[in-house]
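Structure file coords33.txt; described as compact mmCIF, C-alpha atoms and all ligand atoms.
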# COMPACT_ATOMS: atom_id res chain seq x y z
CA MET A 1019 6.22 -240.22 -11.91
CA THR A 1020 6.68 -240.61 -15.64
CA THR A 1021 7.16 -243.66 -17.79
CA ASP A 1022 10.24 -243.88 -19.86
CA HIS A 1023 8.27 -245.00 -22.84
CA GLU A 1024 10.33 -243.21 -25.38
CA PRO A 1025 12.13 -240.06 -24.42
CA ASP A 1026 11.76 -237.24 -26.86
CA ARG A 1027 15.09 -236.49 -28.54
CA SER A 1028 14.06 -233.21 -30.06
CA PRO A 1029 16.51 -230.34 -29.52
CA GLU A 1030 14.20 -228.32 -27.29
CA SER A 1031 13.87 -231.22 -24.87
CA GLY A 1032 17.57 -231.32 -24.18
CA GLY A 1033 18.20 -234.10 -26.71
CA GLU A 1034 20.49 -236.98 -25.79
CA THR A 1035 22.48 -235.00 -23.25
CA GLY A 1036 19.74 -235.25 -20.66
CA LYS A 1037 20.10 -231.56 -19.73
CA PRO A 1038 17.42 -230.67 -18.93
CA ALA A 1039 15.76 -234.04 -18.41
CA PRO A 1040 14.31 -235.35 -21.66
CA ARG A 1041 10.65 -234.65 -22.08
CA ARG A 1042 8.58 -237.78 -21.67
CA LYS A 1043 6.04 -238.78 -24.26
CA THR A 1044 3.71 -240.31 -21.69
CA ILE A 1045 2.86 -239.55 -18.09
CA ASP A 1046 1.94 -242.29 -15.68
CA SER A 1047 0.74 -241.15 -12.27
CA PRO A 1048 -1.74 -242.55 -9.75
CA TYR A 1049 -3.60 -239.23 -9.88
CA ILE A 1050 -4.09 -239.45 -13.65
CA HIS A 1051 -5.19 -243.08 -13.38
CA ARG A 1052 -7.75 -242.05 -10.75
CA LEU A 1053 -9.11 -239.43 -13.16
CA GLN A 1054 -9.20 -242.01 -15.96
CA ARG A 1055 -11.12 -244.47 -13.80
CA ARG A 1056 -13.62 -241.75 -12.81
CA HIS A 1057 -14.09 -240.70 -16.43
CA PHE A 1058 -14.50 -244.31 -17.51
CA LEU A 1059 -17.20 -244.98 -14.91
CA LEU A 1060 -19.06 -241.70 -15.48
CA PHE A 1061 -18.99 -241.36 -19.23
CA ASP A 1062 -18.33 -244.85 -20.58
CA VAL A 1063 -20.06 -247.20 -18.12
CA LEU A 1064 -22.91 -244.95 -16.96
CA PRO A 1065 -24.29 -244.41 -20.51
CA ILE A 1066 -24.73 -248.21 -20.77
CA PHE A 1067 -27.10 -248.04 -17.81
CA GLY A 1068 -28.63 -244.90 -19.33
CA MET A 1069 -29.36 -246.80 -22.54
CA VAL A 1070 -30.97 -249.62 -20.55
CA GLY A 1071 -32.92 -246.98 -18.59
CA ALA A 1072 -34.13 -245.36 -21.83
CA VAL A 1073 -35.45 -248.70 -23.09
CA ALA A 1074 -37.08 -249.45 -19.71
CA PHE A 1075 -38.68 -245.99 -19.74
CA LEU A 1076 -40.62 -247.05 -22.86
CA PHE A 1077 -43.06 -248.65 -20.41
CA VAL A 1078 -43.73 -245.16 -19.02
CA ARG A 1079 -43.59 -243.15 -22.26
CA PRO A 1080 -43.43 -244.55 -25.81
CA PHE A 1081 -40.72 -243.45 -28.22
CA GLY A 1082 -42.30 -240.56 -30.12
CA ILE A 1083 -41.27 -237.71 -32.37
CA VAL A 1084 -39.86 -235.66 -29.45
CA GLU A 1085 -37.62 -238.53 -28.31
CA PHE A 1086 -36.48 -239.12 -31.88
CA ALA A 1087 -35.76 -235.43 -32.53
CA LEU A 1088 -33.74 -235.07 -29.31
CA LEU A 1089 -31.79 -238.28 -29.87
CA PHE A 1090 -31.09 -237.49 -33.52
CA GLY A 1091 -30.40 -233.78 -33.02
CA MET A 1092 -27.97 -234.26 -30.13
CA TRP A 1093 -26.32 -237.19 -31.91
CA VAL A 1094 -25.65 -235.05 -35.00
CA VAL A 1095 -24.40 -232.06 -32.99
CA THR A 1096 -21.98 -234.09 -30.86
CA GLY A 1097 -20.95 -236.45 -33.68
CA LEU A 1098 -20.04 -233.55 -35.97
CA GLY A 1099 -18.23 -231.90 -33.06
CA VAL A 1100 -16.05 -234.99 -32.67
CA THR A 1101 -15.30 -235.61 -36.34
CA ALA A 1102 -15.08 -232.06 -37.74
CA GLY A 1103 -13.82 -230.40 -34.54
CA TYR A 1104 -11.84 -232.82 -32.37
CA HIS A 1105 -10.54 -234.97 -35.20
CA ARG A 1106 -10.23 -233.04 -38.47
CA LEU A 1107 -9.62 -229.53 -37.11
CA PHE A 1108 -7.75 -229.91 -33.83
CA THR A 1109 -5.91 -233.22 -34.24
CA HIS A 1110 -4.91 -233.11 -37.87
CA ARG A 1111 -5.29 -229.41 -38.71
CA THR A 1112 -6.88 -230.34 -42.04
CA PHE A 1113 -8.40 -226.86 -42.35
CA LYS A 1114 -8.43 -223.51 -40.62
CA ALA A 1115 -11.51 -222.00 -39.05
CA ALA A 1116 -12.67 -218.72 -37.55
CA PRO A 1117 -11.82 -218.76 -33.80
CA TRP A 1118 -15.45 -218.72 -32.69
CA VAL A 1119 -16.27 -221.60 -35.07
CA ALA A 1120 -13.35 -223.58 -33.62
CA SER A 1121 -14.66 -222.92 -30.09
CA VAL A 1122 -18.20 -223.99 -31.01
CA LEU A 1123 -16.86 -227.19 -32.60
CA ALA A 1124 -14.80 -227.88 -29.45
CA VAL A 1125 -17.87 -227.44 -27.25
CA MET A 1126 -19.97 -229.68 -29.52
CA GLY A 1127 -17.27 -232.36 -29.36
CA SER A 1128 -16.91 -231.99 -25.58
CA MET A 1129 -20.62 -232.69 -25.09
CA ALA A 1130 -20.02 -236.17 -26.53
CA GLY A 1131 -18.30 -237.15 -23.26
CA GLN A 1132 -15.24 -238.67 -24.95
CA GLY A 1133 -12.69 -236.61 -23.07
CA ALA A 1134 -11.57 -232.98 -23.07
CA VAL A 1135 -10.30 -231.77 -26.41
CA VAL A 1136 -6.59 -231.46 -25.52
CA SER A 1137 -6.39 -235.02 -24.10
CA TRP A 1138 -8.40 -236.45 -26.99
CA VAL A 1139 -6.09 -234.83 -29.53
CA ALA A 1140 -2.94 -236.01 -27.72
CA LEU A 1141 -4.25 -239.59 -27.57
CA HIS A 1142 -5.27 -239.59 -31.19
CA ARG A 1143 -1.96 -238.13 -32.41
CA ARG A 1144 -0.23 -240.92 -30.49
CA HIS A 1145 -2.53 -243.42 -32.20
CA HIS A 1146 -1.34 -242.15 -35.59
CA GLU A 1147 2.28 -242.17 -34.49
CA TYR A 1148 2.26 -245.78 -33.27
CA SER A 1149 -0.74 -247.25 -35.13
CA ASP A 1150 -0.89 -250.99 -34.47
CA ARG A 1151 2.55 -251.03 -32.84
CA PRO A 1152 3.47 -250.93 -29.14
CA GLY A 1153 2.58 -247.44 -27.92
CA ASP A 1154 -0.75 -247.29 -29.79
CA PRO A 1155 -3.29 -246.59 -27.02
CA HIS A 1156 -5.97 -248.74 -28.64
CA SER A 1157 -4.80 -251.27 -31.20
CA PRO A 1158 -6.83 -254.48 -31.52
CA ASN A 1159 -3.83 -256.22 -33.08
CA LEU A 1160 -1.42 -256.48 -30.16
CA SER A 1161 -3.17 -258.96 -27.88
CA GLY A 1162 -1.87 -262.21 -29.26
CA ALA A 1163 -2.59 -264.54 -32.15
CA GLY A 1164 -5.60 -266.75 -32.81
CA TRP A 1165 -9.24 -266.12 -32.12
CA SER A 1166 -8.79 -265.51 -28.41
CA GLY A 1167 -6.08 -262.93 -29.10
CA ARG A 1168 -8.28 -261.20 -31.66
CA LEU A 1169 -11.23 -261.17 -29.29
CA ARG A 1170 -9.06 -259.80 -26.47
CA GLY A 1171 -7.73 -257.18 -28.89
CA LEU A 1172 -11.23 -256.13 -29.93
CA MET A 1173 -12.40 -255.81 -26.32
CA HIS A 1174 -9.29 -253.83 -25.41
CA SER A 1175 -9.47 -251.43 -28.38
CA HIS A 1176 -13.22 -250.95 -28.22
CA PHE A 1177 -13.73 -250.32 -24.54
CA LEU A 1178 -11.37 -251.69 -21.94
CA TRP A 1179 -8.29 -249.60 -22.77
CA MET A 1180 -10.05 -246.55 -21.35
CA ARG A 1181 -10.07 -247.93 -17.79
CA ARG A 1182 -6.38 -247.19 -17.40
CA HIS A 1183 -3.87 -246.17 -19.99
CA GLU A 1184 -0.65 -244.29 -20.53
CA TYR A 1185 -1.49 -240.61 -20.66
CA PRO A 1186 0.20 -238.86 -23.59
CA ASN A 1187 2.13 -235.81 -22.46
CA VAL A 1188 0.20 -232.90 -23.93
CA VAL A 1189 3.35 -230.73 -23.91
CA HIS A 1190 4.78 -233.16 -26.45
CA TYR A 1191 1.65 -234.13 -28.37
CA ALA A 1192 -0.45 -230.99 -28.37
CA PRO A 1193 1.85 -227.97 -27.95
CA ASP A 1194 -0.19 -226.02 -30.50
CA LEU A 1195 -3.39 -226.53 -28.51
CA ILE A 1196 -2.03 -225.62 -25.09
CA LYS A 1197 -0.78 -222.33 -26.55
CA ASP A 1198 -4.33 -221.52 -27.65
CA ARG A 1199 -5.79 -219.83 -24.55
CA ARG A 1200 -9.32 -219.84 -25.86
CA LEU A 1201 -9.22 -223.58 -26.49
CA VAL A 1202 -7.60 -224.35 -23.14
CA ARG A 1203 -10.46 -222.45 -21.47
CA VAL A 1204 -12.97 -224.62 -23.36
CA ALA A 1205 -11.05 -227.77 -22.39
CA ARG A 1206 -10.97 -226.79 -18.68
CA LEU A 1207 -14.77 -226.56 -18.66
CA TYR A 1208 -15.12 -230.06 -20.13
CA TYR A 1209 -17.31 -231.51 -17.35
CA TRP A 1210 -19.63 -228.54 -17.64
CA TRP A 1211 -20.00 -229.11 -21.39
CA VAL A 1212 -20.91 -232.76 -20.84
CA GLY A 1213 -23.48 -231.55 -18.29
CA LEU A 1214 -24.80 -229.03 -20.82
CA GLY A 1215 -25.16 -231.88 -23.35
CA LEU A 1216 -27.42 -233.63 -20.84
CA LEU A 1217 -29.26 -230.49 -19.75
CA ILE A 1218 -30.28 -229.32 -23.25
CA PRO A 1219 -32.33 -232.42 -24.20
CA THR A 1220 -33.79 -232.58 -20.67
CA VAL A 1221 -35.06 -228.99 -20.81
CA LEU A 1222 -36.25 -229.33 -24.42
CA GLY A 1223 -37.99 -232.63 -23.62
CA GLY A 1224 -39.82 -230.99 -20.74
CA LEU A 1225 -40.78 -227.84 -22.66
CA LEU A 1226 -41.84 -229.63 -25.86
CA THR A 1227 -44.15 -231.98 -23.98
CA MET A 1228 -44.84 -229.71 -20.99
CA SER A 1229 -44.34 -232.71 -18.74
CA TRP A 1230 -41.82 -234.18 -16.29
CA THR A 1231 -41.88 -237.52 -18.08
CA GLY A 1232 -40.91 -235.65 -21.26
CA ALA A 1233 -37.94 -234.14 -19.42
CA VAL A 1234 -36.83 -237.57 -18.19
CA ALA A 1235 -37.28 -239.02 -21.69
CA GLY A 1236 -35.19 -236.13 -23.06
CA LEU A 1237 -32.39 -236.86 -20.58
CA LEU A 1238 -32.48 -240.59 -21.29
CA TRP A 1239 -32.75 -240.49 -25.12
CA GLY A 1240 -31.09 -237.16 -26.03
CA GLY A 1241 -28.54 -237.50 -23.23
CA PHE A 1242 -27.46 -240.98 -22.18
CA ALA A 1243 -28.69 -243.13 -25.09
CA ARG A 1244 -27.24 -240.61 -27.56
CA MET A 1245 -23.91 -240.70 -25.70
CA PHE A 1246 -23.95 -244.50 -25.67
CA LEU A 1247 -24.73 -244.81 -29.40
CA LEU A 1248 -22.16 -242.22 -30.52
CA GLU A 1249 -19.45 -243.67 -28.29
CA HIS A 1250 -19.87 -247.15 -29.68
CA THR A 1251 -19.78 -245.96 -33.28
CA VAL A 1252 -16.61 -243.93 -32.64
CA TRP A 1253 -14.98 -246.79 -30.73
CA ALA A 1254 -15.88 -249.23 -33.53
CA ILE A 1255 -13.51 -247.23 -35.74
CA ASN A 1256 -10.66 -247.89 -33.29
CA SER A 1257 -11.52 -251.53 -32.88
CA PHE A 1258 -13.31 -253.17 -35.81
CA LEU A 1259 -11.87 -250.97 -38.55
CA HIS A 1260 -8.34 -251.79 -37.44
CA MET A 1261 -9.20 -255.45 -38.04
CA PHE A 1262 -12.02 -255.80 -40.58
CA GLY A 1263 -13.13 -254.02 -43.75
CA THR A 1264 -11.59 -253.07 -47.06
CA ARG A 1265 -8.35 -251.34 -47.87
CA ALA A 1266 -8.18 -248.83 -50.71
CA TYR A 1267 -4.77 -247.26 -50.01
CA GLU A 1268 -1.39 -248.35 -48.84
CA SER A 1269 -0.71 -247.43 -45.23
CA ARG A 1270 1.67 -248.94 -42.71
CA GLU A 1271 -0.93 -249.96 -40.15
CA ASN A 1272 -3.95 -252.25 -40.34
CA SER A 1273 -6.68 -249.64 -40.93
CA HIS A 1274 -9.70 -250.47 -43.06
CA ASN A 1275 -12.67 -248.74 -44.66
CA GLY A 1276 -16.23 -249.62 -43.75
CA GLY A 1277 -18.10 -247.69 -46.42
CA ILE A 1278 -21.57 -248.87 -45.48
CA PHE A 1279 -21.20 -247.21 -42.10
CA ALA A 1280 -20.18 -243.85 -43.58
CA LEU A 1281 -23.43 -242.00 -42.78
CA LEU A 1282 -23.69 -243.54 -39.34
CA THR A 1283 -20.14 -242.47 -38.47
CA PHE A 1284 -20.20 -239.01 -40.09
CA GLY A 1285 -17.58 -240.20 -42.61
CA GLU A 1286 -15.18 -241.58 -39.98
CA SER A 1287 -15.54 -245.11 -41.33
CA TRP A 1288 -13.31 -244.20 -44.31
CA HIS A 1289 -10.58 -244.99 -41.82
CA ASN A 1290 -8.05 -246.46 -44.24
CA ASN A 1291 -8.41 -243.39 -46.46
CA HIS A 1292 -7.82 -241.28 -43.35
CA HIS A 1293 -4.67 -243.13 -42.28
CA ALA A 1294 -3.33 -242.91 -45.84
CA PHE A 1295 -4.06 -239.15 -46.08
CA PRO A 1296 -4.36 -237.83 -42.52
CA THR A 1297 -4.11 -234.17 -43.55
CA SER A 1298 -7.11 -234.37 -45.89
CA PRO A 1299 -10.27 -232.68 -44.55
CA SER A 1300 -12.25 -235.17 -46.63
CA PHE A 1301 -12.15 -238.78 -45.48
CA GLY A 1302 -14.30 -240.03 -48.38
CA LEU A 1303 -11.84 -238.37 -50.79
CA HIS A 1304 -14.41 -238.47 -53.64
CA TRP A 1305 -17.76 -236.68 -53.76
CA TYR A 1306 -19.69 -239.94 -54.15
CA ARG A 1307 -18.36 -241.38 -50.87
CA LEU A 1308 -20.67 -240.18 -48.11
CA ASP A 1309 -18.82 -237.99 -45.62
CA PRO A 1310 -21.07 -235.76 -43.46
CA GLY A 1311 -18.06 -234.40 -41.52
CA TYR A 1312 -16.64 -233.06 -44.76
CA TRP A 1313 -20.03 -231.72 -45.84
CA LEU A 1314 -20.03 -229.57 -42.71
CA ILE A 1315 -16.48 -228.32 -43.37
CA LYS A 1316 -17.37 -227.54 -47.00
CA THR A 1317 -20.45 -225.63 -45.87
CA LEU A 1318 -18.34 -223.64 -43.39
CA ALA A 1319 -15.88 -222.91 -46.22
CA LEU A 1320 -18.69 -221.70 -48.50
CA LEU A 1321 -19.79 -219.35 -45.70
CA GLY A 1322 -16.23 -218.04 -45.38
CA LEU A 1323 -15.87 -219.55 -41.89
CA ALA A 1324 -13.31 -222.23 -42.84
CA TRP A 1325 -10.45 -222.17 -45.32
CA ASP A 1326 -7.25 -223.91 -46.46
CA LEU A 1327 -8.99 -227.20 -47.28
CA GLU A 1328 -6.42 -229.22 -49.17
CA LEU A 1329 -7.31 -232.59 -50.63
CA PRO A 1330 -4.57 -234.92 -51.85
CA SER A 1331 -3.90 -234.69 -55.58
CA ASP A 1332 -5.06 -237.42 -57.97
CA GLU A 1333 -1.40 -238.38 -58.47
CA ARG A 1334 -0.80 -238.84 -54.73
CA MET A 1335 -3.93 -240.92 -54.41
CA ALA A 1336 -3.05 -243.01 -57.48
CA ALA A 1337 0.45 -243.64 -56.09
CA LYS A 1338 -0.95 -245.11 -52.88
CA ARG A 1339 -3.93 -246.94 -54.35
CA LEU A 1340 -3.97 -250.67 -53.81
CA SER A 1341 -4.83 -252.92 -56.72
CA GLY A 1342 -8.49 -253.04 -55.73
CA LYS A 1343 -8.31 -256.28 -53.82
CA SER A 1344 -10.17 -255.95 -50.58
CA THR A 1345 -9.01 -257.60 -47.42
CA VAL A 1346 -11.73 -258.56 -45.06
CA GLY A 1347 -10.47 -259.61 -41.68
CA GLY A 1348 -6.94 -260.14 -42.93
CA ASN A 1349 -3.80 -258.54 -41.65
CA ALA A 1350 -3.40 -256.14 -44.50
CA ALA A 1351 -0.51 -254.38 -42.81
CA ALA A 1352 1.59 -257.22 -44.09
CA ALA A 1353 -0.07 -257.26 -47.51
ZN ZN A 1401 -6.92 -239.36 -37.19
ZN ZN A 1402 -6.80 -245.63 -36.72

Is it possible to express this structure as structure tokens?
Amino acid sequence: MTTDHEPDRSPESGGETGKPAPRRKTIDSPYIHRLQRRHFLLFDVLPIFGMVGAVAFLFVRPFGIVEFALLFGMWVVTGLGVTAGYHRLFTHRTFKAAPWVASVLAVMGSMAGQGAVVSWVALHRRHHEYSDRPGDPHSPNLSGAGWSGRLRGLMHSHFLWMRRHEYPNVVHYAPDLIKDRRLVRVARLYYWWVGLGLLIPTVLGGLLTMSWTGAVAGLLWGGFARMFLLEHTVWAINSFLHMFGTRAYESRENSHNGGIFALLTFGESWHNNHHAFPTSPSFGLHWYRLDPGYWLIKTLALLGLAWDLELPSDERMAAKRLSGKSTVGGNAAAA
């Protein structure tokens, strides 16, 4: 069964004639909702318990250099996979990369446990298409007015939307990805990659300490706690930065920048910059704005492994620049 959210009127879908049936933009089936619920419980709810378990495990084994290295290392690998791979390469095609580099980035992003690459891309392209309007999978601004509406919106956009949501039709939203056989193969193995992301810190924790408690600490800190921390920073972009922060550039939705979180979010917190210039591989847009995702892409470019990085011109940026007034917590979409 499909929802008639907004039929695609493009010529290849049959257009207005209905022959063949217009391609749907979203798919709504009990089977897909079952998969969503399973994914939500396994990879969104379970890491919360994993984080609590990691803290409780401090009574057994204190947080040492091995725990820190596994947490930090896996957090960087998966965080860069999401921002440079899932987001900047596959969703927005802000640069081109050697096929094996693209595959490695897809695997790194998959280990984050935020969905298989094709679904993630389709959802995020839909977010850009409908940002803060009905159809946006995770807007915090559509749950009513007043403080209770805002709170409901934040809870929805940060976490609750993932329980059950319209599934964007990948034929419509990610036709380029489903034609890429190598990438589809990576996407099909998604659950295995998440498992690998848990196995690596477990094995390393065991080997580095030559102990079973080290292996458990590796699983808890480098696996579940890392997943928990990265998820909440990525989700905070969807939720808080569509409500609070500063706005540097004109854009039709309510996106904001949160510059102080730039390092922590691998540059993703320049979210208003990103909505204003979605095809830019740099989200900071200027060298002095911290953007680790872009640093990785630049490094790949220097090594000849990435190319076609196109930043918006000074004129384009100047044309969209707001007067410098920041809006904290306001509805800047109307400003
Ligand atoms: Zn985006
Ligand atoms: Zn956004």

Residue with the minimum atom-to-atom distance to ligand ZN 1402 (chain A), picked from A:Gly1277, A:Pro1296, A:Gly1068, A:Gly1215 with all atoms listed in the file counted, is A:Pro1296

Just the number, please: distance in Å from CA of Asp1062 (chain A) to CA of Gly1285 (chain A), one decimal.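 So the two atoms, CA of Asp1062 (chain A) and CA of Gly1285 (chain A), lie 22.5 Å apart.
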
Select, from A:Ala1072, A:Ala1324, A:Leu1259, A:Ile1315, the residue with the minimum atom-to-atom distance to ligand ZN 1402 (chain A), counting all atoms listed in the file.
->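 Counting all atoms listed in the file, the residue closest to ligand ZN 1402 (chain A) is A:Leu1259.
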
*Please identify all polymer residues within 7 Å of Asp1309 (chain A), counting all atoms listed in the file, omitting same-chain residues fewer than 4 positions from it, and present them as JSON, numbers by chain.*
{"A": [1280, 1281, 1284, 1285, 1301, 1302, 1313]}

Using only C-alpha atoms and all ligand atoms, the best pick from A:Ser1175, A:Asn1256, A:Thr1317, A:Thr1096 as closest to ligand ZN 1402 (chain A) would be A:Asn1256

Problem set entry | Residues near region 1188-1205 of chain A, cut-off 8 Å, all atoms listed in the file, skip fewer than 4 positions along chain, as a PyMOL selection string | chain A and resi 1041-1043+1108+1121+1124-1125+1128+1134-1137+1139-1140+1143-1144

The residue from A:Phe1295, A:Trp1230, A:Trp1138, A:Phe1242 with the smallest atom-to-atom distance to Val1212 (chain A), counting all atoms listed in the file, is A:Phe1242

Compile a residue-level contact table for chain A against ligand ZN 1402 (chain A) at a cut-off of 9 Å, reporting for every qualifying residue the shortest atom pair and its distance in Å to one decimal, with all atoms listed in the file counted, rows ordered by chain and ascending number, as a Markdown table.
| residue | atom | partner | partner_atom | distance |
| --- | --- | --- | --- | --- |
| A:His1142 | CA | A:ZN1402 | ZN | 8.3 |
| A:His1145 | CA | A:ZN1402 | ZN | 6.6 |
| A:His1146 | CA | A:ZN1402 | ZN | 6.6 |
| A:Ser1149 | CA | A:ZN1402 | ZN | 6.5 |
| A:Asp1150 | CA | A:ZN1402 | ZN | 8.3 |
| A:His1156 | CA | A:ZN1402 | ZN | 8.7 |
| A:Ser1157 | CA | A:ZN1402 | ZN | 8.1 |
| A:Ile1255 | CA | A:ZN1402 | ZN | 7.0 |
| A:Asn1256 | CA | A:ZN1402 | ZN | 5.6 |
| A:Ser1257 | CA | A:ZN1402 | ZN | 8.5 |
| A:Leu1259 | CA | A:ZN1402 | ZN | 7.6 |
| A:His1260 | CA | A:ZN1402 | ZN | 6.4 |
| A:Glu1271 | CA | A:ZN1402 | ZN | 8.1 |
| A:Asn1272 | CA | A:ZN1402 | ZN | 8.1 |
| A:Ser1273 | CA | A:ZN1402 | ZN | 5.8 |
| A:His1274 | CA | A:ZN1402 | ZN | 8.5 |
| A:His1289 | CA | A:ZN1402 | ZN | 6.4 |
| A:Asn1290 | CA | A:ZN1402 | ZN | 7.7 |
| A:His1292 | CA | A:ZN1402 | ZN | 8.0 |
| A:His1293 | CA | A:ZN1402 | ZN | 6.5 |

Store the residues of this selection in a file with C-alpha atoms, as a PDB file, keeping the file's coordinate frame.
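Contents of result.pdb, as written:
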ATOM      1  CA  HIS A1142      -5.270-239.590 -31.190  1.00  0.00           C
ATOM      2  CA  HIS A1145      -2.530-243.420 -32.200  1.00  0.00           C
ATOM      3  CA  HIS A1146      -1.340-242.150 -35.590  1.00  0.00           C
ATOM      4  CA  SER A1149      -0.740-247.250 -35.130  1.00  0.00           C
ATOM      5  CA  ASP A1150      -0.890-250.990 -34.470  1.00  0.00           C
ATOM      6  CA  HIS A1156      -5.970-248.740 -28.640  1.00  0.00           C
ATOM      7  CA  SER A1157      -4.800-251.270 -31.200  1.00  0.00           C
ATOM      8  CA  ILE A1255     -13.510-247.230 -35.740  1.00  0.00           C
ATOM      9  CA  ASN A1256     -10.660-247.890 -33.290  1.00  0.00           C
ATOM     10  CA  SER A1257     -11.520-251.530 -32.880  1.00  0.00           C
ATOM     11  CA  LEU A1259     -11.870-250.970 -38.550  1.00  0.00           C
ATOM     12  CA  HIS A1260      -8.340-251.790 -37.440  1.00  0.00           C
ATOM     13  CA  GLU A1271      -0.930-249.960 -40.150  1.00  0.00           C
ATOM     14  CA  ASN A1272      -3.950-252.250 -40.340  1.00  0.00           C
ATOM     15  CA  SER A1273      -6.680-249.640 -40.930  1.00  0.00           C
ATOM     16  CA  HIS A1274      -9.700-250.470 -43.060  1.00  0.00           C
ATOM     17  CA  HIS A1289     -10.580-244.990 -41.820  1.00  0.00           C
ATOM     18  CA  ASN A1290      -8.050-246.460 -44.240  1.00  0.00           C
ATOM     19  CA  HIS A1292      -7.820-241.280 -43.350  1.00  0.00           C
ATOM     20  CA  HIS A1293      -4.670-243.130 -42.280  1.00  0.00           C
TER      21      HIS A1293
END

With distances taken over all atoms listed in the file, which of A:Ala1294, A:Ala1087, A:Leu1214, A:Val1119 is nearest to ligand ZN 1401 (chain A)?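 Closest candidate: A:Ala1294.
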
| message | Measuring between all atoms listed in the file, which one of A:Met1126, A:Val1100, A:Met1180, A:Val1234 shows the shortest distance to ligand ZN 1401 (chain A)? | response |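 Nearest to ligand ZN 1401 (chain A): A:Val1100.
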
How far is it from CA of Tyr1209 (chain A) to CA of Phe1081 (chain A), in Å with one decimal?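 These two atoms are separated by 28.4 Å.
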
ask   = CA of Tyr1049 (chain A) to CA of Gly1097 (chain A): how many Å, to one decimal?
value =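 Computing the Euclidean distance for CA of Tyr1049 (chain A) and CA of Gly1097 (chain A) yields 29.6 Å.
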
- Message: From (-18.6, -232.1, -48.4), in the file's coordinates, out to 12 Å: which residues are reached, counting only C-alpha atoms? Answer as a list in words.
- Response: Ala1102, Phe1284, Gly1285, Ser1298, Pro1299, Ser1300, Phe1301, Gly1302, Leu1303, His1304, Trp1305, Tyr1306, Arg1307, Leu1308, Asp1309, Pro1310, Gly1311, Tyr1312, Trp1313, Leu1314, Ile1315, Lys1316, Thr1317, Leu1318, Ala1319, Leu1320, Leu1327 and Leu1329 of chain A

Close residues, Ala1337 (chain A) itself excluded, 10 Å, all atoms listed in the file, min 4 positions apart in chain, as a ChimeraX atom specification: /A:1267-1268,1331-1333

**OP:** List the residues sitting within 10 Å of (-34.0, -237.0, -29.9) in the file's frame, using only C-alpha atoms, as a count of residues only.
**Re:** 26

Block slice region 1094-1120 of chain A, C-alpha atoms, emitted as a PDB file, in the first residue's frame:
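Wrote part_22.pdb, looks like this:
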ATOM      1  CA  VAL A1094      35.648   9.663  14.557  1.00  0.00           C
ATOM      2  CA  VAL A1095      35.461   6.821  12.010  1.00  0.00           C
ATOM      3  CA  THR A1096      31.664   6.547  12.099  1.00  0.00           C
ATOM      4  CA  GLY A1097      31.069  10.309  12.449  1.00  0.00           C
ATOM      5  CA  LEU A1098      33.194  11.076   9.390  1.00  0.00           C
ATOM      6  CA  GLY A1099      31.454   8.255   7.542  1.00  0.00           C
ATOM      7  CA  VAL A1100      28.090   9.904   8.186  1.00  0.00           C
ATOM      8  CA  THR A1101      29.062  13.484   7.385  1.00  0.00           C
ATOM      9  CA  ALA A1102      31.574  13.032   4.540  1.00  0.00           C
ATOM     10  CA  GLY A1103      30.059   9.826   3.128  1.00  0.00           C
ATOM     11  CA  TYR A1104      26.318   9.597   3.794  1.00  0.00           C
ATOM     12  CA  HIS A1105      25.665  13.322   3.812  1.00  0.00           C
ATOM     13  CA  ARG A1106      28.148  15.254   1.652  1.00  0.00           C
ATOM     14  CA  LEU A1107      29.007  12.571  -0.915  1.00  0.00           C
ATOM     15  CA  PHE A1108      25.917  10.404  -1.357  1.00  0.00           C
ATOM     16  CA  THR A1109      23.052  12.763  -0.467  1.00  0.00           C
ATOM     17  CA  HIS A1110      24.245  16.024  -1.933  1.00  0.00           C
ATOM     18  CA  ARG A1111      26.969  14.884  -4.356  1.00  0.00           C
ATOM     19  CA  THR A1112      29.165  17.781  -3.231  1.00  0.00           C
ATOM     20  CA  PHE A1113      32.263  16.022  -4.596  1.00  0.00           C
ATOM     21  CA  LYS A1114      33.281  12.959  -6.535  1.00  0.00           C
ATOM     22  CA  ALA A1115      35.404  10.187  -5.099  1.00  0.00           C
ATOM     23  CA  ALA A1116      37.246   7.081  -6.234  1.00  0.00           C
ATOM     24  CA  PRO A1117      34.796   4.124  -6.098  1.00  0.00           C
ATOM     25  CA  TRP A1118      36.700   2.314  -3.358  1.00  0.00           C
ATOM     26  CA  VAL A1119      36.836   5.508  -1.264  1.00  0.00           C
ATOM     27  CA  ALA A1120      33.066   5.903  -1.691  1.00  0.00           C
TER      28      ALA A1120
END
